[in-house]
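Undergrad: Before I ask anything, let me first share the structure, which is written out below as structure tokens.
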Amino acid sequence: MNKILPILTVVAAIVVIWYAAAIGMNKKWALDQAARAEVTLTTGALIKDTWSQDRPRLPAPHQVVAELWKSTGGMVLKGKPFSKRSLIFHGWITLSATLAGFVIGTGAGILLAVGIVHNRAMDMSVMPWAIASQTIPILAIAPMIIVVLNSVGVQGLIPKAIISAYLSFFPVVVGMVKGLRSPDHMQLDLLRTYNASGSETFWKLRLPSSMPYLFTSLKIGMAASLVGAIVGELPTGAIRGLGARMLTGSYYGQTIQIWSALFAAAILAATLVGIISLIERRMLKRMGAA
């Protein structure tokens, strides 16, 4: 209870501020409509109107929750969980690109980290380029990647996965390099006295020592991968995926739809990071490092 109470307090404060902000941002429309109808709104009526508009500037929390339920649980109850109006369907499209990009980015990041740690030339050449690559805004490079791949006939999941991998590989590289270099000189000297080979040192010392660092970087990489998948859906004018859902909402002024898709993405990211955390706890416990 002592751990949950501070979280609930922060959430309650955010909700209160959100409701207050919804009044401030939506009251102009309510007052304009009342003036056209030559009606004077009471304070209660004004607040009720600002929390129930069809296309508010800032939707109230209960409107977002209602839209989330309508496009997820409501679709399941209707027997249409994979309807094009369902966030489950759009979430699955985004999740597919996220996982594909995460696997590519993680694999590339681990291989680069191993090369950087064991090869000084790669350390001096690859690492600066890896750092420099992250200075390029993803919103600038995403359309370029999509256009180039489309020109050679590569469409669909692959372009989004590559953009997703672009964002996710860097945290893995940095975390894995730090982890592989975490054993101190005494530990390395001990293995040398046992006449351990380079591969034995890697598998028995460096890799186990890097696990806490790897899992931390995987959590960051997973969240970045989801952002990359969503960004990859925007330049194409896609009609499927959470990014496409946000884009469609912006075209037609459906702010409630935008916010519900945004929250769906946040819930998806939290779930994926939670799964990694669960695997981390179990694996480190089995290794005796928890």
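So you can find residues: chains in the structure tokens are A, B, ... in the order shown, residues in each start at 1, and ligands are numbered from 1 in order.
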With region 101-104 of chain A as the partner and 9 Å as the cut-off, tabulate the residues of region 132-164 of chain A that qualify, each row holding the nearest pair of atoms and their distance in Å to one decimal, using only C-alpha atoms, sorted by chain and rising number, as JSON lines.
TA:
{"residue": "A:Ile158", "atom": "CA", "partner": "A:Gly101", "partner_atom": "CA", "distance": 8.4}
{"residue": "A:Lys160", "atom": "CA", "partner": "A:Gly101", "partner_atom": "CA", "distance": 7.5}
{"residue": "A:Ala161", "atom": "CA", "partner": "A:Gly101", "partner_atom": "CA", "distance": 4.0}
{"residue": "A:Ile162", "atom": "CA", "partner": "A:Gly101", "partner_atom": "CA", "distance": 5.8}
{"residue": "A:Ile163", "atom": "CA", "partner": "A:Gly101", "partner_atom": "CA", "distance": 7.2}
{"residue": "A:Ser164", "atom": "CA", "partner": "A:Gly101", "partner_atom": "CA", "distance": 4.7}
Undergrad: Write the residues you've just listed into a file as a PDB file, in the first residue's frame, and include C-alpha atoms for each of them.
TA:
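Result written to again10.pdb:
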ATOM      1  CA  ILE A 158       9.762  -3.803 -43.762  1.00  0.00           C
ATOM      2  CA  LYS A 160       8.448   0.543 -40.703  1.00  0.00           C
ATOM      3  CA  ALA A 161      10.577  -2.192 -39.129  1.00  0.00           C
ATOM      4  CA  ILE A 162      13.784  -0.565 -40.425  1.00  0.00           C
ATOM      5  CA  ILE A 163      12.771   2.820 -38.988  1.00  0.00           C
ATOM      6  CA  SER A 164      11.902   1.078 -35.735  1.00  0.00           C
TER       7      SER A 164
END
Undergrad: Extract, using only C-alpha atoms, all DNA, RNA and protein residues at most 10 Å from region 117-127 of chain A, discarding same-chain residues fewer than 5 positions from it, and format them as number ranges by chain.
TA: A: 112, 132-133, 170, 173-174, 176-181, 198, 202
Undergrad: Just write the chosen residues, N, CA, C and O atoms, as a PDB file, in the first residue's frame.
TA:
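This is the output file out34.pdb:
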ATOM      1  N   LEU A 112      27.237  -5.279 -32.926  1.00  0.00           N
ATOM      2  CA  LEU A 112      28.121  -4.110 -32.955  1.00  0.00           C
ATOM      3  C   LEU A 112      28.853  -3.939 -31.627  1.00  0.00           C
ATOM      4  O   LEU A 112      30.052  -3.617 -31.600  1.00  0.00           O
ATOM      5  N   ALA A 132      26.675   9.574 -34.000  1.00  0.00           N
ATOM      6  CA  ALA A 132      26.284  10.605 -34.962  1.00  0.00           C
ATOM      7  C   ALA A 132      24.952  10.288 -35.623  1.00  0.00           C
ATOM      8  O   ALA A 132      24.175  11.198 -35.946  1.00  0.00           O
ATOM      9  N   SER A 133      24.665   9.002 -35.809  1.00  0.00           N
ATOM     10  CA  SER A 133      23.413   8.619 -36.465  1.00  0.00           C
ATOM     11  C   SER A 133      22.192   9.058 -35.664  1.00  0.00           C
ATOM     12  O   SER A 133      21.119   9.290 -36.240  1.00  0.00           O
ATOM     13  N   PHE A 170      20.525   1.806 -31.019  1.00  0.00           N
ATOM     14  CA  PHE A 170      21.530   2.606 -30.311  1.00  0.00           C
ATOM     15  C   PHE A 170      21.537   2.358 -28.803  1.00  0.00           C
ATOM     16  O   PHE A 170      22.616   2.185 -28.209  1.00  0.00           O
ATOM     17  N   VAL A 173      23.319  -0.884 -28.237  1.00  0.00           N
ATOM     18  CA  VAL A 173      24.773  -0.775 -28.439  1.00  0.00           C
ATOM     19  C   VAL A 173      25.440  -0.186 -27.207  1.00  0.00           C
ATOM     20  O   VAL A 173      26.411  -0.739 -26.678  1.00  0.00           O
ATOM     21  N   VAL A 174      24.935   0.939 -26.747  1.00  0.00           N
ATOM     22  CA  VAL A 174      25.563   1.635 -25.614  1.00  0.00           C
ATOM     23  C   VAL A 174      25.491   0.776 -24.351  1.00  0.00           C
ATOM     24  O   VAL A 174      26.481   0.618 -23.631  1.00  0.00           O
ATOM     25  N   MET A 176      25.078  -2.504 -24.066  1.00  0.00           N
ATOM     26  CA  MET A 176      25.840  -3.748 -24.177  1.00  0.00           C
ATOM     27  C   MET A 176      27.336  -3.491 -24.095  1.00  0.00           C
ATOM     28  O   MET A 176      28.077  -4.271 -23.488  1.00  0.00           O
ATOM     29  N   VAL A 177      27.802  -2.404 -24.695  1.00  0.00           N
ATOM     30  CA  VAL A 177      29.231  -2.058 -24.593  1.00  0.00           C
ATOM     31  C   VAL A 177      29.602  -1.809 -23.137  1.00  0.00           C
ATOM     32  O   VAL A 177      30.630  -2.288 -22.646  1.00  0.00           O
ATOM     33  N   LYS A 178      28.757  -1.069 -22.440  1.00  0.00           N
ATOM     34  CA  LYS A 178      29.005  -0.805 -21.020  1.00  0.00           C
ATOM     35  C   LYS A 178      29.011  -2.100 -20.224  1.00  0.00           C
ATOM     36  O   LYS A 178      29.853  -2.312 -19.341  1.00  0.00           O
ATOM     37  N   GLY A 179      28.065  -2.983 -20.544  1.00  0.00           N
ATOM     38  CA  GLY A 179      27.978  -4.239 -19.811  1.00  0.00           C
ATOM     39  C   GLY A 179      29.148  -5.169 -20.083  1.00  0.00           C
ATOM     40  O   GLY A 179      29.685  -5.794 -19.160  1.00  0.00           O
ATOM     41  N   LEU A 180      29.550  -5.279 -21.334  1.00  0.00           N
ATOM     42  CA  LEU A 180      30.671  -6.156 -21.677  1.00  0.00           C
ATOM     43  C   LEU A 180      31.983  -5.658 -21.092  1.00  0.00           C
ATOM     44  O   LEU A 180      32.917  -6.448 -20.884  1.00  0.00           O
ATOM     45  N   ARG A 181      32.062  -4.361 -20.835  1.00  0.00           N
ATOM     46  CA  ARG A 181      33.279  -3.792 -20.239  1.00  0.00           C
ATOM     47  C   ARG A 181      33.166  -3.655 -18.718  1.00  0.00           C
ATOM     48  O   ARG A 181      34.090  -3.115 -18.087  1.00  0.00           O
ATOM     49  N   GLY A 198      39.826 -16.249 -25.273  1.00  0.00           N
ATOM     50  CA  GLY A 198      38.985 -15.070 -25.433  1.00  0.00           C
ATOM     51  C   GLY A 198      37.513 -15.417 -25.462  1.00  0.00           C
ATOM     52  O   GLY A 198      36.683 -14.709 -24.872  1.00  0.00           O
ATOM     53  N   PHE A 202      34.566 -14.387 -22.790  1.00  0.00           N
ATOM     54  CA  PHE A 202      33.323 -13.732 -23.239  1.00  0.00           C
ATOM     55  C   PHE A 202      32.107 -14.448 -22.671  1.00  0.00           C
ATOM     56  O   PHE A 202      31.211 -13.811 -22.080  1.00  0.00           O
TER      57      PHE A 202
END
Undergrad: For each of A:Val15, A:Leu191, A:Met222, A:Ile145, take the minimum atom-to-atom distance to Ala100 (chain A), counting only C-alpha atoms, then give the residue where this is smallest.
TA: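 Ranking A:Val15, A:Leu191, A:Met222, A:Ile145 by distance to Ala100 (chain A), first place goes to A:Met222.
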Undergrad: So that I can check the secondary structure, give me every residue of region 33-205 of chain A assigned helix (DSSP H, G or I) by backbone DSSP, as number ranges by chain.
TA: A: 33-36, 43-50, 61-71, 73-77, 87-118, 120-133, 138-151, 157-180, 185-193, 198-205
Undergrad: For Leu207 (chain A), which residue among A:Leu5, A:Val114, A:Leu268, A:Ile276 is the nearest when counting only C-alpha atoms?
TA: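 Going through A:Leu5, A:Val114, A:Leu268, A:Ile276 one by one, the smallest distance to Leu207 (chain A) is for A:Val114.
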Undergrad: Give me the residues of region 104-201 of chain A that have any atom at most 12 Å from an atom of region 230-233 of chain A; for each, the nearest atom pair and the distance in Å, rounded to one decimal. Use only C-alpha atoms, sort by chain and number, and format it as CSV.
TA:
residue,atom,partner,partner_atom,distance
A:Pro137,CA,A:Val231,CA,11.1
A:Ile138,CA,A:Val231,CA,7.8
A:Leu139,CA,A:Val231,CA,7.1
A:Ala140,CA,A:Val231,CA,10.4
A:Ile141,CA,A:Gly232,CA,9.8
A:Ala142,CA,A:Gly232,CA,6.1
A:Pro143,CA,A:Gly232,CA,7.8
A:Met144,CA,A:Gly232,CA,10.6
A:Ile145,CA,A:Gly232,CA,9.1
A:Ile146,CA,A:Gly232,CA,7.9
A:Val147,CA,A:Gly232,CA,11.4
A:Gln155,CA,A:Gly232,CA,11.4
A:Gly156,CA,A:Glu233,CA,9.6
A:Leu157,CA,A:Gly232,CA,9.6
A:Ile158,CA,A:Gly232,CA,10.1
A:Pro159,CA,A:Gly232,CA,7.3
A:Lys160,CA,A:Gly232,CA,4.8
A:Ala161,CA,A:Gly232,CA,8.2
A:Ile162,CA,A:Gly232,CA,8.9
A:Ile163,CA,A:Gly232,CA,6.3
A:Ser164,CA,A:Gly232,CA,7.6
A:Ala165,CA,A:Gly232,CA,10.9
A:Tyr166,CA,A:Gly232,CA,10.9
A:Leu167,CA,A:Val231,CA,10.6
Undergrad: With only C-alpha atoms as the basis for distance, which of A:Ser52, A:Ala60, A:Leu226, A:Thr43 is at the shortest distance from Thr271 (chain A)?
TA: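 Smallest separation from Thr271 (chain A) among the options: A:Leu226.
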Undergrad: What does the distance from CA of Tyr213 (chain A) to CA of Ser182 (chain A) come to in Å, to one decimal?
TA: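 Interatomic distance here is 9.2 Å.
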Undergrad: What does the distance between CA of Phe89 (chain A) and CA of Ala269 (chain A) come to in Å, to one decimal place?
TA: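 CA of Ala269 (chain A) lies at a distance of 15.9 Å from CA of Phe89 (chain A).
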Undergrad: Give me the residues near Met287 (chain A) as a ChimeraX atom specification, where near means some atom within 9 Å (using only C-alpha atoms) and where sequence neighbours in that chain fewer than 4 positions away do not count.
TA: /A:208,282-283
Undergrad: A:Thr94, A:Thr216, A:Gln33, A:Asn26: which is nearest Gly228 (chain A), counting only C-alpha atoms?
TA: A:Thr94
